[in-house]
Structure formats: structure tokens, C-alpha cells
Protein chains: 2
Amino acid sequence: MSRLPLDAELAAVFESVRRRQGGEVATYIPALAKADPNWFGVSLMTVDGGSYCLGDSEEPFTIQSVSKPFAFGLALDEHGVDATLRRVGVEPSGDPFNAIELDLKTHRPFNPMVNTGAIVTTSLVKGQTQPERTESILRGLSRFAGRRLEIDEDVFKSECETGDRNFAIGYLLRNFGMLDADVGDVVQTYFRQCSVLVTVRDLAVMGATLANRGINPLTGKRALREEHVARVLSVMSTCGMYDYAGEWAFRVGLPAKSGVSGAVVAVLPGEFGLAVFSPALDEHGNSVRGIAFAEELSARFSIHLMARPPTARRVVRRTYRGDAVRSKCGRTAAENTLLRERGRATHVIEVEGDLGFGATEALSRAVHAELDGTTQRLVIDLRRCGMVEPAVAKLLRAIADQVEGAGAQLVLAGLPQSLWGRVPAYEFVDVESALEWCENQVLHDAGIIDETAVPLAEVEILAGLGATTIERIEAAAKRVVLAPGEPAFVEGEPAEDVYLVLAGRVDVLLSHDGAAERVSSLGPGSVFGEIGALAGGLRSGTCIATATTECLVVGWEELRAICAQDPSVLDRFYTNLAMTLADRLRMADEERRALW
Amino acid sequence: MSRLPLDAELAAVFESVRRRQGGEVATYIPALAKADPNWFGVSLMTVDGGSYCLGDSEEPFTIQSVSKPFAFGLALDEHGVDATLRRVGVEPSGDPFNAIELDLKTHRPFNPMVNTGAIVTTSLVKGQTQPERTESILRGLSRFAGRRLEIDEDVFKSECETGDRNFAIGYLLRNFGMLDADVGDVVQTYFRQCSVLVTVRDLAVMGATLANRGINPLTGKRALREEHVARVLSVMSTCGMYDYAGEWAFRVGLPAKSGVSGAVVAVLPGEFGLAVFSPALDEHGNSVRGIAFAEELSARFSIHLMARPPTARRVVRRTYRGDAVRSKCGRTAAENTLLRERGRATHVIEVEGDLGFGATEALSRAVHAELDGTTQRLVIDLRRCGMVEPAVAKLLRAIADQVEGAGAQLVLAGLPQSLWGRVPAYEFVDVESALEWCENQVLHDAGIIDETAVPLAEVEILAGLGATTIERIEAAAKRVVLAPGEPAFVEGEPAEDVYLVLAGRVDVLLSHDGAAERVSSLGPGSVFGEIGALAGGLRSGTCIATATTECLVVGWEELRAICAQDPSVLDRFYTNLAMTLADRLRMADEERRALW
């Protein structure tokens with residue numbers, strides 16, 4: 001595959017960091033000392049599965065302390081927040097990761113990222129025996145990685161042989177009642193957890209799973225309950241980088257976890273997981289190149305979590321009123337006049353950008369400013385929103401209360417499906433149908449929705465043609481009654497006849513990307529089929545009755561011939577036709593202007 | 001002012017938290033012991049100045065430790081990162097705020113949020129003497145608050161009388177070379193800093209200033225350099241809440257700072273500052289109700305910084321090609337045919353939502369997928385983006401390199417003004433003008449842009465009328481040559497004449513919100529002014545030549561009279577006119593379909 005733009009950017013950072021020497025490979029576990037200090041791999045995976053790999057991205061290594069936040073997640077899933085926090089705190093300790101110390105008051109380890117807390121965490125994973133817990137951990141980490149992971153038995157043995165300090169921690173924990181299980185069992189399970197083999201690509205997937213609310217972007221399967229994801233990330237952000245956590249937050253600004261084998265995984269919530277692997281460690285026990293890579297990437301792309309630019313400013317794209325922008329629903333002249341007069345009481349607020357807390361709050365102020373005492377209907381058009389956070393439903397409900405309190409009706413257009421039914425409002429898939437509904441409300445309130453058929457002489461293109469001509473047309477035409485849902489004609493049929501609507505309503509549909517889209521809706525006094533008849537050939541769209549609809553159908557050539565019997569009638573007829581088209585064009589231009 | 005929707009939500013949290021009893025008012029500074037434990041005020045201010053206040057929001061109190069992050073910002077502004085960090089670290093200490101301890105290796109205080117670090121910070125603020133430093137601090141804090149703040153001299157005296165521990169810290173710092181100034185001077189300045197009087201509303205403004213990249217949302221003035229804002233927030237996030245910082249990050253997830261007078265200020269970067277004031281403190285020294293209010297608000301609105309929902313998924317709203325969607329630029333039949341054939345090599349990617357790092361990366365993959373070897377022009381339409389982070393300019397430049405590498409031209413439509421000129425691409429204010437430019441490229445490449453005048457018989461509405469009629473029209477018409485920029489007619493003039501374009505080009509403009517917007521652009525063979533003439537009355541738009549333009553101008557009534565001399569000519573003329581209008585309408589419908 002050819003390279004993506006980000007490949008080049010990552011490669012530039014990679015090359016500049018590769019030159020960094022310094023640091024030492026960890027030796028306190030003999031098996032780790034075999035690592036090549038020159039290994040250097042980087043992988044980044046986005047929440048939608050975009051994948052970037054550089055350098056030694058397929059080199060396997062043991063996960064070590066990078067397992068700790070994921071195991072903490074498994075403990076939270078198994079026991080919930082309260083029970084887990086009774087056994088392990090979430091405070092940074094200010095001391096080295098292998099310090100043998102507990103909180104003086106509670107006897108809990110300070111947090112799950114130091115060894116004391118990590119051993120407690122391992123004991124809280126589902127299972128009663130060492131094999132059961134080990135399998136829970138393997139399965140859990142594998143769900144994060146999106147493939148079945150395995151244990152490096154050599155490293156495991158090496159850890160057991162040199163793990164006295166961790167056994168000491170285990171007995172201390174049990175002494176203070178923080179550990180229920182057998183100490184040897186739990187500490188050995190912990191060593192197996194540390195000995196799980198991964199690549200830097202696996203770690204990027206694991207990070208991306210945290211970035212993606214707990215769902216693995218490769219498998220689409222959940223690895224951690226959504227409610228616990230922010231909790232795991234929080235502990236990473238305050239305690240994940242040993243006693244460099246504060247400076248990491250200061251310089252990089254992403255929740256992260258590092259391990260003694262030289263790996264660092266960092267997460268930009270909502271966006272990506274990043275993993276770096278390079279075994280040479282600094283004095284804090286963090287990968288020298290891991291730190292350098294993340295610092296340079298963060299600076300280059302301003303991905304520091306605390307550097308979010310202000311978002312609330314451009315929420316409202318524009319506001320307009322129902323007299324200026326109209327639905328595609330054809331109306332009689334009387335209806336049009338009424339809608340021009342009373343449409344101003346329909347207010348539309350068009351929203352753009354992502355709708356988070358701040359943006360929704362800004363929207364609520366725009367709604368407040370819009371409600372002027374004469375507002376009867378307030379339409380909020382959400383179709384331009386990239387994303388609507390589920391949590392804003394509460395604020396949208398409060399907005400609904402406010403609109404109701406002001407004596408107006410709230411209409412939501414283009415609300416994301418996930419929020420349908422969660423806000424007390426009239427909901428429409430798009431602003432077009434919302435506007436049509438509002439217009440119908442205006443007409444209904446004024447009592448001018450008239451269901452009796454109009455006389456033929458009032459059909460727009462026949463205006464002023466004289467009684468004789470009208471009689472001739474009526475005699476030549478065929479009366480058709482369409483049931484709701486019945487088509488007058490469908491796309492691709494020969495276009496010969498013109499339809500004059502006397503009663504009811506017809507939708508004009510054009511097919512688009514396999515779906516039919518409504519271009520306009522026509523009521524009594526309208527004409528349809530005239531464009532196809534004019535151009536000849538085949539119908540370019542479909543017309544379907546949406547109510548019981550009465551039409552007169554007349555052949556185009558016949559209609560023209562009748563009018564041509566008197567040059568002044570023909571002139572009038574064509575002028576009517578041209579004006580009908582010009583009116584529609586003018587409306588289309590107005591709408592285009594309003595939409596852009 | 002009547003209530004906003006968020007008022008009701010905040011009031012519900014406020015009432016539920018007000019019932020919380022427990023905690024003790026701080027007594028170690030005697031002046032603080034006078035506080036009423038029932039005081040309870042809340043204020044929230046958004047980055048665009050939306051303001052919410054509940055309870056005792058006007059009650060003044062001394063700022064105490066809440067001053068620390070702001071003073072740290074002043075030190076960073078004065079000395080930069082490296083010099084500041086030589087004197088004070090950014091690591092959580094795990095120990096109480098008043099611990100007399102320094103980092104064993106560097107002799108620095110652990111961080112600027114504990115007293116040791118805060119006293120160093122105060123010594124780094126601009127000024128050589130106690131009055132100078134005090135004035136720097138007062139001025140700096142006042143810029144954050146948006147009003148001139150003052151010092152409570154009683155509290156200051158009380159702090160001096162009981163401040164032995166802080167004097168001890170001062171001498172310890174000086175002993176280790178962390179303090180250059182006179183110890184008494186600096187510690188007294190620190191006490192004055194702690195004794196600055198604020199209200200909870202002031203603190204919300206100060207927090208909102210950090211949320212707003214350092215610009216005070218009320219005054220619009222900068223209080224802190226943008227580059228230091230994320231740094232201050234980072235230290236708040238790891239060290240701001242005493243030895244509850246980890247649990248606060250776990251449960252609330254916002255950078256914050258609390259103080260002994262019972263205040264907490266929390267920041268959602270990019271969105272708001274929140275402040276709570278209630279003097280009863282818990283065992284960590286944090287306001288009981290401050291903690292409770294923030295926890296409940298965070299849970300209710302999912303504003304935890306680590307709980308950002310994935311954003312990258314819906315970046316690309318749709319893609320289309322230049323054969324399906326066309327500019328409003330009128331073309332000859334031959335040009336239209338060519339554009340239908342070759343327009344497919346123009347690819348348009350329409351982007352929506354906010355463009356941060358992840359979204360831009362996803363866009364880069366969409367660009368990659370779009371470049372299929374036949375792409376000649378790639379248009380990225382950014383008009384639906386709520387916000388484009390400046391840092392994505394780098395990725396946009398990498399995208400430009402990629403498009404160039406694929407042998408295509410990159411065209412950006414609707415790029416925010418802040419990024420103009422920062423990406424090597426053809427830039428247009430909107431997709432309409434971008435599409436017109438692309439079409440001109442196609443026509444230019446094919447060599448069919450023809451500047452010779454068309455014969456009158458080829459004007460669209462005169463097609464097939466016969467030589468005699470054409471001659472009669474030519475005799476009745478007036479030949480007009482318009483210079484570029486010269487109007488044919490302007491809005492509001494009487495509409496009598498029809499314009500037949502023989503050479504050049506004319507823009508049709510409609511005025512809208514006081515600005516003229518282009519509805520279409522017409523070239524040789526087109527007609528304009530016919531809609532106004534048809535309807536009678538006044539011109540509804542303005543037509544201006546954009547090149548040297550040659551037209552024949554003829555009165556509408558005269559033109560009609562000439563055609564009416566032969567019924568079959570009249571029939572043909574009107575059919576032409578109706579088809580011209582129907583064509584434009586069809587294009588408008590297609591475009592509307594593409595735009596929604």
C-alpha cells in the first residue's frame with residue numbers, strides 16, 4: 001500500500017528520535033537483559049482502525065507493567081468501582097514503582113500502577129485458582145489486542161526466580177487484609193501477566209480500544225465496559241509513567257503507561273492509541289525513545305489533552321424564519337400569502353460542528369435569544385452536526401422545557417438516531433419535512449386547508465384562458481383519481497401527458513443513489529409532468545399521490561393544439577407555463593442561497 | 001433575565017448538594033475561622049462569556065491556594081519553561097500540601113501546588129521588591145478575573161502571625177539555592193497572594209480564561225500566553241486537589257485547584273470554568289460541597305476529560321464528482337457535453353464536524369482512497385466544519401503533498417481564514433467557485449474555451465425560429481457591449497428588456513442580508529432578464545459583466561410580437577423558453593439533492 005500523509009509525518013519524527021542514544025536496558029529480570037537496545041518500533045491505530053507501523057513493529061516482547069491499566073480494567077469489570085477501590089487507591093504515590101509501602105490510613109496500595117497495587121489488581125481478576133485467573137487475564141488482554149496472546153514461559157521463570165521483592169509485597173498485602181487469595185498463586189499469576197508477549201502493534205490496538213470507549217476497533221468487540229474506560233485512563237494520566245507522570249502530563253498530555261521492557265502506550269481519547277517500543281530506559285524506568293517520540297508528536301500536532309481549542313463559538317450556523325425559507329410543498333396562492341405573513345413565527349436555528357456540553361449550552365443561549373414572545377414553532381436543524389454526545393440529551397430536554405415554557409413548539413430536524421425519542425419534541429428526519437409540518441400547522445391554525453377540488457380554470461397554467469378553451473381541455477382530458485401511495489407515473493415511462501391537480505397532493509420523487517428523494521410536493525391548482533412532456537422522451541422522475549388525489553390528465557400535444565386555436569390563448573398559456581417554471585426556479589435559488 | 005436551560009440543571013445539582021453537611025471550616029489561619037460553613041456559591045462561565053451563578057456567588061473570600069496555578073502561569077510567562085522548571089518540579093508528591101520536603105536529587109519542590117513550590121513560584125513573578133512582586137501578582141490575577149482585585153489586609157496579617165511553617169519553608173528553599181530573593185519578602189508576598197479577595201464568580205472567569213486558551217472571555221484580553229495554558233492545566237490535573245488529586249481525576253476528570261477558604265475551580269478546556277465556594281473542608285482540605293458538586297455535574301453531563309467520544313468516524317459527509325454536481329456557471333451545449341464526459345476526474349470530498357488530529361487523519365485516508373489514478377483535481381470542501389484546529393495545518397500540508405504526488409491538483413473550499421496560505425493548494429471561499437475553476441480547467445485543457453461571438457441563431461431561446469424571424473429580431477434589437485464589472489441592469493429597475501448573450505460572461509446576483517450573492521453565471525448563447533420581463537414589474541436581481549460582454553437587447557413585448565407573426569414560430573419560441581427554464585430547474589433540483 002502506498003503511504004498515507006501521516007506516514008511521512010510519523011517517519012520524520014521516527015528518524016529524528018532514532019538518533020537518540022542513551023539509557024540502559026533493564027537487567028533486574030535476567031531474561032529482559034537480552035533485549036537489543038537498538039530495537040525501535042512505533043505503531044498508531046485510530047478508533048476507526050486506521051493503522052500505522054514503523055520500525056520493529058513485529059518484534060515480540062513481554063508486556064510487563066503496560067499490562068497494569070488493562071488488568072485494572074478487568075478488576076473494575078469484575079467487582080465494580082466501590083469494591084475495587086476498597087482494595088486499591090488511585091492516588092499518585094510520589095515514590096518508585098517497586099516501593100514496599102501502603103497508605104497509612106487505609107492500608108491500600110496507593111494505586112494500581114505501582115507493584116503493590118498491581119498485585120492486588122491481579123488478585124481481583126475473575127477466577128479462583130492460578131490457571132483460572134491466568135486465563136481471565138490472557139483472555140482479557142487478548143480482547144484488547146484483537147488476537148489471542150501467549151505467555152513467554154522463559155521470562156515467567158526468570159521473573160519467579162528473581163521476584164523476592166514482589167513476594168514480600170504479596171505477604172505484606174495479605175497481612176493488611178488487602179489480599180484474600182494465596183500469596184504464591186497471586187504473585188505467580190502477576191508474573192504470568194507481566195510475561196504476556198505482545199508487539200508494539202498489539203499495544204497500539206489496546207490503546208485504541210481505550211480511545212474507542214472500550215470497543216476494539218479491529219474486532220468491533222467490547223473489551224471493557226464503557227463506564228470504566230475513563231476511570232482506567234484517569235489512573236494512567238496521574239500514575240502511569242512512574243515518577244515522571246507529572247512531567248509527562250506537562251509535556252505530552254496524554255494518559256499513558258510504560259513498562260520495563262521498553263514499551264509505552266499512550267491514548268488520545270476519542271482518537272487513537274499510540275505505542276512505542278525501544279528497550280533502553282531512563283532513570284525513571286521509561287523508554288528513552290518512547291518519551292522522546294511522544295513528546296515530539298504531541299508538540300508537532302498539539303494533541304495535548306489540555307490544549308483543546310474553544311469549541312462553543314460557532315454552534316449556530318445561521319437562523320432564519322419560515323417566511324423566508326419554505327418547504328418544497330407546493331401551495332395555492334392564498335396559502336402562499338398566508339405563509340408569507342405568518343411564517344415569521346416559525347424560527348429555525350441551524351447548528352453546525354460537534355455538539356458536546358459547551359456547544360449545547362451555547363445553543364441553549366441561542367434558543368433563549370430566539371424566543372421573542374411571538375415564536376410559535378422553533379426548529380433546531382441538527383443535520384450539520386458531526387457528532388452529538390449522548391450526554392447532551394439532558395440539556396436538549398431542558399431546552400425543550402424552555403421552549404414549551406415560552407408557549408412554542410420544539411421541532412428537531414436531523415436528530416441522530418441514538419437520541420430519537422429521548423427529547424420531548426416533534427422529530428423529523430430533515431428540515432424539509434420539519435418545515436412542511438410547520439407550514440401545515442400555520443395553515444391549519446388559520447383554517448384554510450381546503451379539501452374541496454379547485455375548478456379547472458384555477459389551475460395555474462390555465463389561468464385566464466377563457467371558458468371556451470377550458471371546456472375544450474376538459475372534454476379532451478381524462479379524470480383520474482389516485483389512492484394514497486398510487487403513482488401517476490414512474491421514472492422511465494414515456495413522457496406524453498400533463499397532469500392538472502384538482503384535489504389532493506402528489507410527491508415528485510427523483511431517484512438518487514438507489515433511494516427516492518422528494519423534490520417537491522404539489523397540491524390543488526398545480527401542474528406536473530409538464531417538464532417531461534416539454535422535453536419529450538422518458539419520465540425523469542416519479543409522481544406518487546400522498547392523499548386521495550383528483551387529476552385531469554391531458555396529452556401535451558393535444559393541450560398545445562387546443563391553445564393554438566387562438567394565438568392570444570397560446571401566448572397566455574405559454575406565459576403561464578414560463579411563469580410557473582420561473583417561480584419554481586426563483587424558489588430554488590432562494591433555497592440554495594439559504595442552504596449554502 | 002429569565003432562566004436558561006442550564007440554570008435549571010445547575011439548580012437541581014445545587015439543591016441536592018446543599019443538603020450535604022459535614023466537614024470543618026479551616027481554623028489554622030484565625031481570620032478564616034470566621035467563615036460561615038453554610039455559605040455555598042457556584043458559578044460557571046463558558047469560553048464565550050455565558051455566565052451562570054447560584055447561591056452566595058457575590059460573597060468575597062480570600063483566594064488562598066487557588067492562586068497557585070495562576071501564579072505558576074505568571075512565572076512561566078516571565079521565565080519560560082526551562083528556567084521555571086529548574087526551580088520547581090511538576091510531579092505529584094503523595095504528601096500533604098504543607099509538607100516541608102524537597103526532591104532529594106534536584107532539591108526542587110515537587111510541584112507548584114504544594115506550599116514549597118508555591119513560595120518558589122511567587123519568587124519568580126516579575127519584580128525585584130515586595131511591592132513590585134505584589135503588584136505583578138495583583139495585576140496578573142486581575143487579568144484572569146477581568147476586574148481589579150484587592151487584598152484583604154486582615155487575613156494577610158493573620159497569615160503573617162501564624163505563618164511560621166511557611167517561613168521555615170522559605171529558609172529551607174534558600175538554603176538549597178531555590179530562592180534568590182529575601183525570604184521574609186517572598187513569604188510575605190506569598191501571604192498577600194493568598195489574601196487576594198475574590199468571589200466564586202471571579203474564579204469561574206479565571207477558570208474560563210484557562211479554558212479559552214488564556215484569553216479572558218469577558219475582557220477579550222490575554223492573561224496568559226497560549227503555549228503555557230496547557231502546562232498550567234496539566235499541573236492542576238496531576239497535583240491540584242491535594243492528596244485527593246488522583247481520585248478527583250478518577251471521579252471528576254477535570255483539571256482543578258482547591259484552597260483552604262473552601263473554593264474549588266475546575267476547567268473543561270475549550271468549554272468552561274466552574275467554581276464552587278463552600279467553606280467546610282474534608283480531611284484532604286477540599287471543600288466538601290465543592291467535591292460533591294463537581295462529581296455530580298461531571299456524572300450528569302459526561303464532561304470527564306477522558307470520556308471524549310470517538311470523533312473520527314463521520315468526517316467525510318459525502319463524496320461526489322464534477323460530472324454530477326456542477327457550478328452555477330452557464331455553459332454552451334458543447335461545453336456541457338465535455339464537462340459531463342470529463343468532469344468525473346474532478347473529485348469532491350465534503351467534510352463535516354470539527355477537524356482535529358484524528359478527524360484529519362481519517363480525512364487523509366479518505367483522500368488516499370479517492371485518488372484512483374484518474375483523479376485530476378481533488379476538491380476538499382470544508383464549509384461544514386465547525387472548527388479546524390490550527391495544528392492540523394501540518395497534516396493538510398502532508399495531504400497536499402500526497403495529492404501532488406498522485407499527479408492531481410488540490411483545491412480547498414471554505415478553509416478557515418486562519419489557515420489561508422498555510423497549505424499549498426488552490427483556495428476558494430466556497431465550493432461553488434472551486435467547481436467553476438475546476439470546470440474552466442477541464443475546458444481549457446480541452447482547448448474549447450471559445451471567445452468568438454456566437455451567431456444570434458444559436459442563442460438558446462431562438463433555436464429553430466427561422467432566418468426571417470432572426471433577422472426581424474436583430475433589426476429590433478440594440479447591440480450593447482459591457483466592460484468587465486459593468487452592470488446590464490440592477491435590482492429594482494423596471495424589467496422590460498431581454499438580453500441575448502453573444503460573447504463574454506455575465507453574473508446574476510441576488511442581494512441577501514445586504515450582500516450580493518451569485519446565483520448563476522451565463523456565457524455565450526444564454527439569455528437573461530427573461531424572468532423579470534415575463535413577470536413584469538421591477539428587476540429582482542442584478543446582472544454584471546465579468547468579462548467584455550456582447551449582448552443583443554430587445555424589448556420583451558417586441559420580441560413576443562415578432563414571434564407571434566407566425567403561430568408555429570411563437571409555439572417554438574415558447575417551447576424554447578420553457579425548456580430553458582425547465583433545464584435550469586432540473587439543475588437546481590440536482591444540486592439541492594447533492595447539497596442536502
# chains A, B, ... in the order shown; residues from 1 in each chain; ligands from 1

$ closest_atom_pairs --of "range 45-101 of chain A" --to "range 208-230 of chain A" --cutoff "9 Å" --atoms "only C-alpha atoms" --output "tab-separated table"
residue	atom	partner	partner_atom	distance
A:Met45	CA	A:Ala208	CA	5.9
A:Thr46	CA	A:Ala208	CA	6.0
A:Val47	CA	A:Asn212	CA	5.3
A:Asp48	CA	A:Pro217	CA	5.7
A:Gly49	CA	A:Pro217	CA	5.2
A:Gly50	CA	A:Pro217	CA	8.9
A:Phe70	CA	A:Leu224	CA	8.7
A:Gly73	CA	A:Leu224	CA	6.6
A:Leu74	CA	A:Leu224	CA	7.2
A:Leu76	CA	A:His228	CA	6.9
A:Asp77	CA	A:Arg225	CA	6.6
A:Gly80	CA	A:His228	CA	8.7
A:Val81	CA	A:His228	CA	8.3

$ write_last_selection --atoms "all heavy atoms" --output "PDB file, in the first residue's frame"
ATOM      1  N   MET A  45      -2.792   3.416  16.070  1.00  0.00           N
ATOM      2  CA  MET A  45      -4.060   2.941  15.496  1.00  0.00           C
ATOM      3  C   MET A  45      -5.183   3.871  15.900  1.00  0.00           C
ATOM      4  O   MET A  45      -5.316   4.242  17.056  1.00  0.00           O
ATOM      5  CB  MET A  45      -4.369   1.521  15.971  1.00  0.00           C
ATOM      6  CG  MET A  45      -5.756   1.090  15.517  1.00  0.00           C
ATOM      7  SD  MET A  45      -5.949  -0.681  15.277  1.00  0.00           S
ATOM      8  CE  MET A  45      -4.971  -0.959  13.827  1.00  0.00           C
ATOM      9  N   THR A  46      -6.003   4.252  14.894  1.00  0.00           N
ATOM     10  CA  THR A  46      -7.100   5.184  15.165  1.00  0.00           C
ATOM     11  C   THR A  46      -8.348   4.415  15.581  1.00  0.00           C
ATOM     12  O   THR A  46      -8.438   3.196  15.399  1.00  0.00           O
ATOM     13  CB  THR A  46      -7.430   6.025  13.919  1.00  0.00           C
ATOM     14  OG1 THR A  46      -7.970   5.147  12.933  1.00  0.00           O
ATOM     15  CG2 THR A  46      -6.181   6.694  13.366  1.00  0.00           C
ATOM     16  N   VAL A  47      -9.314   5.132  16.112  1.00  0.00           N
ATOM     17  CA  VAL A  47     -10.534   4.487  16.601  1.00  0.00           C
ATOM     18  C   VAL A  47     -11.342   3.843  15.483  1.00  0.00           C
ATOM     19  O   VAL A  47     -12.198   3.006  15.747  1.00  0.00           O
ATOM     20  CB  VAL A  47     -11.435   5.472  17.372  1.00  0.00           C
ATOM     21  CG1 VAL A  47     -10.805   5.843  18.698  1.00  0.00           C
ATOM     22  CG2 VAL A  47     -11.720   6.713  16.550  1.00  0.00           C
ATOM     23  N   ASP A  48     -11.085   4.219  14.242  1.00  0.00           N
ATOM     24  CA  ASP A  48     -11.782   3.523  13.164  1.00  0.00           C
ATOM     25  C   ASP A  48     -10.839   2.576  12.417  1.00  0.00           C
ATOM     26  O   ASP A  48     -11.087   2.217  11.265  1.00  0.00           O
ATOM     27  CB  ASP A  48     -12.490   4.502  12.215  1.00  0.00           C
ATOM     28  CG  ASP A  48     -11.535   5.501  11.601  1.00  0.00           C
ATOM     29  OD1 ASP A  48     -10.395   5.603  12.092  1.00  0.00           O
ATOM     30  OD2 ASP A  48     -11.917   6.167  10.631  1.00  0.00           O
ATOM     31  N   GLY A  49      -9.768   2.160  13.080  1.00  0.00           N
ATOM     32  CA  GLY A  49      -8.953   1.084  12.536  1.00  0.00           C
ATOM     33  C   GLY A  49      -7.866   1.517  11.568  1.00  0.00           C
ATOM     34  O   GLY A  49      -7.217   0.668  10.959  1.00  0.00           O
ATOM     35  N   GLY A  50      -7.643   2.829  11.407  1.00  0.00           N
ATOM     36  CA  GLY A  50      -6.515   3.283  10.594  1.00  0.00           C
ATOM     37  C   GLY A  50      -5.224   2.882  11.289  1.00  0.00           C
ATOM     38  O   GLY A  50      -5.079   3.100  12.481  1.00  0.00           O
ATOM     39  N   PHE A  70      -4.767  -2.317  31.992  1.00  0.00           N
ATOM     40  CA  PHE A  70      -5.759  -3.219  31.393  1.00  0.00           C
ATOM     41  C   PHE A  70      -6.280  -4.201  32.443  1.00  0.00           C
ATOM     42  O   PHE A  70      -7.478  -4.467  32.517  1.00  0.00           O
ATOM     43  CB  PHE A  70      -5.148  -3.925  30.183  1.00  0.00           C
ATOM     44  CG  PHE A  70      -4.670  -2.957  29.141  1.00  0.00           C
ATOM     45  CD1 PHE A  70      -3.331  -2.586  29.052  1.00  0.00           C
ATOM     46  CD2 PHE A  70      -5.573  -2.351  28.275  1.00  0.00           C
ATOM     47  CE1 PHE A  70      -2.894  -1.661  28.115  1.00  0.00           C
ATOM     48  CE2 PHE A  70      -5.151  -1.416  27.332  1.00  0.00           C
ATOM     49  CZ  PHE A  70      -3.811  -1.070  27.252  1.00  0.00           C
ATOM     50  N   GLY A  73      -8.700  -2.513  34.578  1.00  0.00           N
ATOM     51  CA  GLY A  73      -9.999  -2.502  33.900  1.00  0.00           C
ATOM     52  C   GLY A  73     -10.737  -3.817  34.112  1.00  0.00           C
ATOM     53  O   GLY A  73     -11.941  -3.826  34.393  1.00  0.00           O
ATOM     54  N   LEU A  74     -10.033  -4.934  34.013  1.00  0.00           N
ATOM     55  CA  LEU A  74     -10.680  -6.234  34.213  1.00  0.00           C
ATOM     56  C   LEU A  74     -11.202  -6.352  35.646  1.00  0.00           C
ATOM     57  O   LEU A  74     -12.292  -6.884  35.878  1.00  0.00           O
ATOM     58  CB  LEU A  74      -9.692  -7.371  33.925  1.00  0.00           C
ATOM     59  CG  LEU A  74      -9.109  -7.431  32.502  1.00  0.00           C
ATOM     60  CD1 LEU A  74      -8.149  -8.624  32.373  1.00  0.00           C
ATOM     61  CD2 LEU A  74     -10.204  -7.522  31.451  1.00  0.00           C
ATOM     62  N   LEU A  76     -12.168  -3.819  37.574  1.00  0.00           N
ATOM     63  CA  LEU A  76     -13.353  -2.951  37.652  1.00  0.00           C
ATOM     64  C   LEU A  76     -14.565  -3.644  37.036  1.00  0.00           C
ATOM     65  O   LEU A  76     -15.667  -3.596  37.581  1.00  0.00           O
ATOM     66  CB  LEU A  76     -13.102  -1.621  36.937  1.00  0.00           C
ATOM     67  CG  LEU A  76     -12.181  -0.604  37.631  1.00  0.00           C
ATOM     68  CD1 LEU A  76     -11.897   0.573  36.695  1.00  0.00           C
ATOM     69  CD2 LEU A  76     -12.812  -0.085  38.928  1.00  0.00           C
ATOM     70  N   ASP A  77     -14.366  -4.295  35.893  1.00  0.00           N
ATOM     71  CA  ASP A  77     -15.474  -5.006  35.248  1.00  0.00           C
ATOM     72  C   ASP A  77     -16.007  -6.116  36.154  1.00  0.00           C
ATOM     73  O   ASP A  77     -17.201  -6.392  36.184  1.00  0.00           O
ATOM     74  CB  ASP A  77     -15.005  -5.623  33.919  1.00  0.00           C
ATOM     75  CG  ASP A  77     -15.336  -4.728  32.723  1.00  0.00           C
ATOM     76  OD1 ASP A  77     -15.808  -3.598  32.945  1.00  0.00           O
ATOM     77  OD2 ASP A  77     -15.122  -5.159  31.576  1.00  0.00           O
ATOM     78  N   GLY A  80     -16.730  -3.867  40.096  1.00  0.00           N
ATOM     79  CA  GLY A  80     -17.302  -2.521  40.200  1.00  0.00           C
ATOM     80  C   GLY A  80     -16.332  -1.578  40.899  1.00  0.00           C
ATOM     81  O   GLY A  80     -15.302  -1.996  41.429  1.00  0.00           O
ATOM     82  N   VAL A  81     -16.693  -0.280  40.910  1.00  0.00           N
ATOM     83  CA  VAL A  81     -15.779   0.742  41.428  1.00  0.00           C
ATOM     84  C   VAL A  81     -15.570   0.610  42.932  1.00  0.00           C
ATOM     85  O   VAL A  81     -14.437   0.563  43.419  1.00  0.00           O
ATOM     86  CB  VAL A  81     -16.315   2.157  41.109  1.00  0.00           C
ATOM     87  CG1 VAL A  81     -15.485   3.221  41.806  1.00  0.00           C
ATOM     88  CG2 VAL A  81     -16.306   2.382  39.604  1.00  0.00           C
TER      89      VAL A  81
END

$ select_by_dssp --residues "range 178-420 of chain B" --states "helix (DSSP H, G or I)" --output "NGL selection string"
:B and (183-194 or 200-211 or 226-239 or 242-251 or 288-301 or 305-307 or 312-314 or 333-345 or 357-370 or 390-405 or 417-419)

$ select_by_dssp --residues "range 233-462 of chain A" --states "strand (DSSP E or B)" --output "count of residues only"
50

$ residues_around --residues "Leu443 in chain B" --least-positions-apart "6" --cutoff "12 Å" --atoms "only C-alpha atoms" --output "PyMOL selection string"
chain B and resi 331-332+334-343+436-437+449-450

$ write_last_selection --atoms "N, CA and C atoms" --output "short mmCIF file (atom, residue, chain, number, x, y, z; two decimals), in the first residue's frame"
data_model
loop_
_atom_site.label_atom_id
_atom_site.label_comp_id
_atom_site.auth_asym_id
_atom_site.auth_seq_id
_atom_site.Cartn_x
_atom_site.Cartn_y
_atom_site.Cartn_z
N ARG B 331 -23.08 27.16 -19.37
CA ARG B 331 -22.13 26.69 -20.38
C ARG B 331 -22.88 26.44 -21.68
N THR B 332 -22.15 26.40 -22.76
CA THR B 332 -22.77 26.03 -24.04
C THR B 332 -23.02 24.53 -24.05
N ALA B 334 -21.94 22.35 -26.10
CA ALA B 334 -20.70 21.59 -26.32
C ALA B 334 -19.90 21.51 -25.03
N GLU B 335 -19.87 22.62 -24.29
CA GLU B 335 -19.14 22.62 -23.02
C GLU B 335 -19.79 21.66 -22.03
N ASN B 336 -21.13 21.70 -22.01
CA ASN B 336 -21.83 20.79 -21.10
C ASN B 336 -21.52 19.34 -21.39
N THR B 337 -21.49 19.01 -22.68
CA THR B 337 -21.19 17.63 -23.07
C THR B 337 -19.80 17.24 -22.58
N LEU B 338 -18.84 18.14 -22.80
CA LEU B 338 -17.48 17.85 -22.40
C LEU B 338 -17.37 17.70 -20.88
N LEU B 339 -18.06 18.58 -20.15
CA LEU B 339 -17.99 18.52 -18.69
C LEU B 339 -18.64 17.25 -18.15
N ARG B 340 -19.69 16.81 -18.86
CA ARG B 340 -20.31 15.55 -18.44
C ARG B 340 -19.34 14.40 -18.64
N GLU B 341 -18.56 14.47 -19.73
CA GLU B 341 -17.62 13.39 -20.02
C GLU B 341 -16.39 13.42 -19.12
N ARG B 342 -15.82 14.62 -18.94
CA ARG B 342 -14.53 14.70 -18.25
C ARG B 342 -14.62 15.21 -16.81
N GLY B 343 -15.82 15.59 -16.41
CA GLY B 343 -15.99 16.10 -15.04
C GLY B 343 -15.70 15.04 -13.98
N GLU B 436 -16.35 25.95 -10.34
CA GLU B 436 -16.25 26.72 -11.57
C GLU B 436 -14.81 26.72 -12.09
N TRP B 437 -13.87 26.90 -11.16
CA TRP B 437 -12.46 26.90 -11.54
C TRP B 437 -12.07 25.53 -12.13
N ILE B 449 -12.43 26.55 -24.88
CA ILE B 449 -12.96 27.85 -24.46
C ILE B 449 -12.82 28.79 -25.65
N ASP B 450 -13.96 29.20 -26.15
CA ASP B 450 -14.01 29.91 -27.42
C ASP B 450 -14.48 31.33 -27.17
#

$ residues_around --residues "Gly240 in chain B" --least-positions-apart "3" --cutoff "6 Å" --atoms "only C-alpha atoms" --output "PyMOL selection string"
chain B and resi 236-237+256-257

$ residues_around --residues "Glu496 in chain A" --least-positions-apart "6" --cutoff "10 Å" --atoms "only C-alpha atoms" --output "PyMOL selection string"
chain A and resi 529-530+532-539+554-558
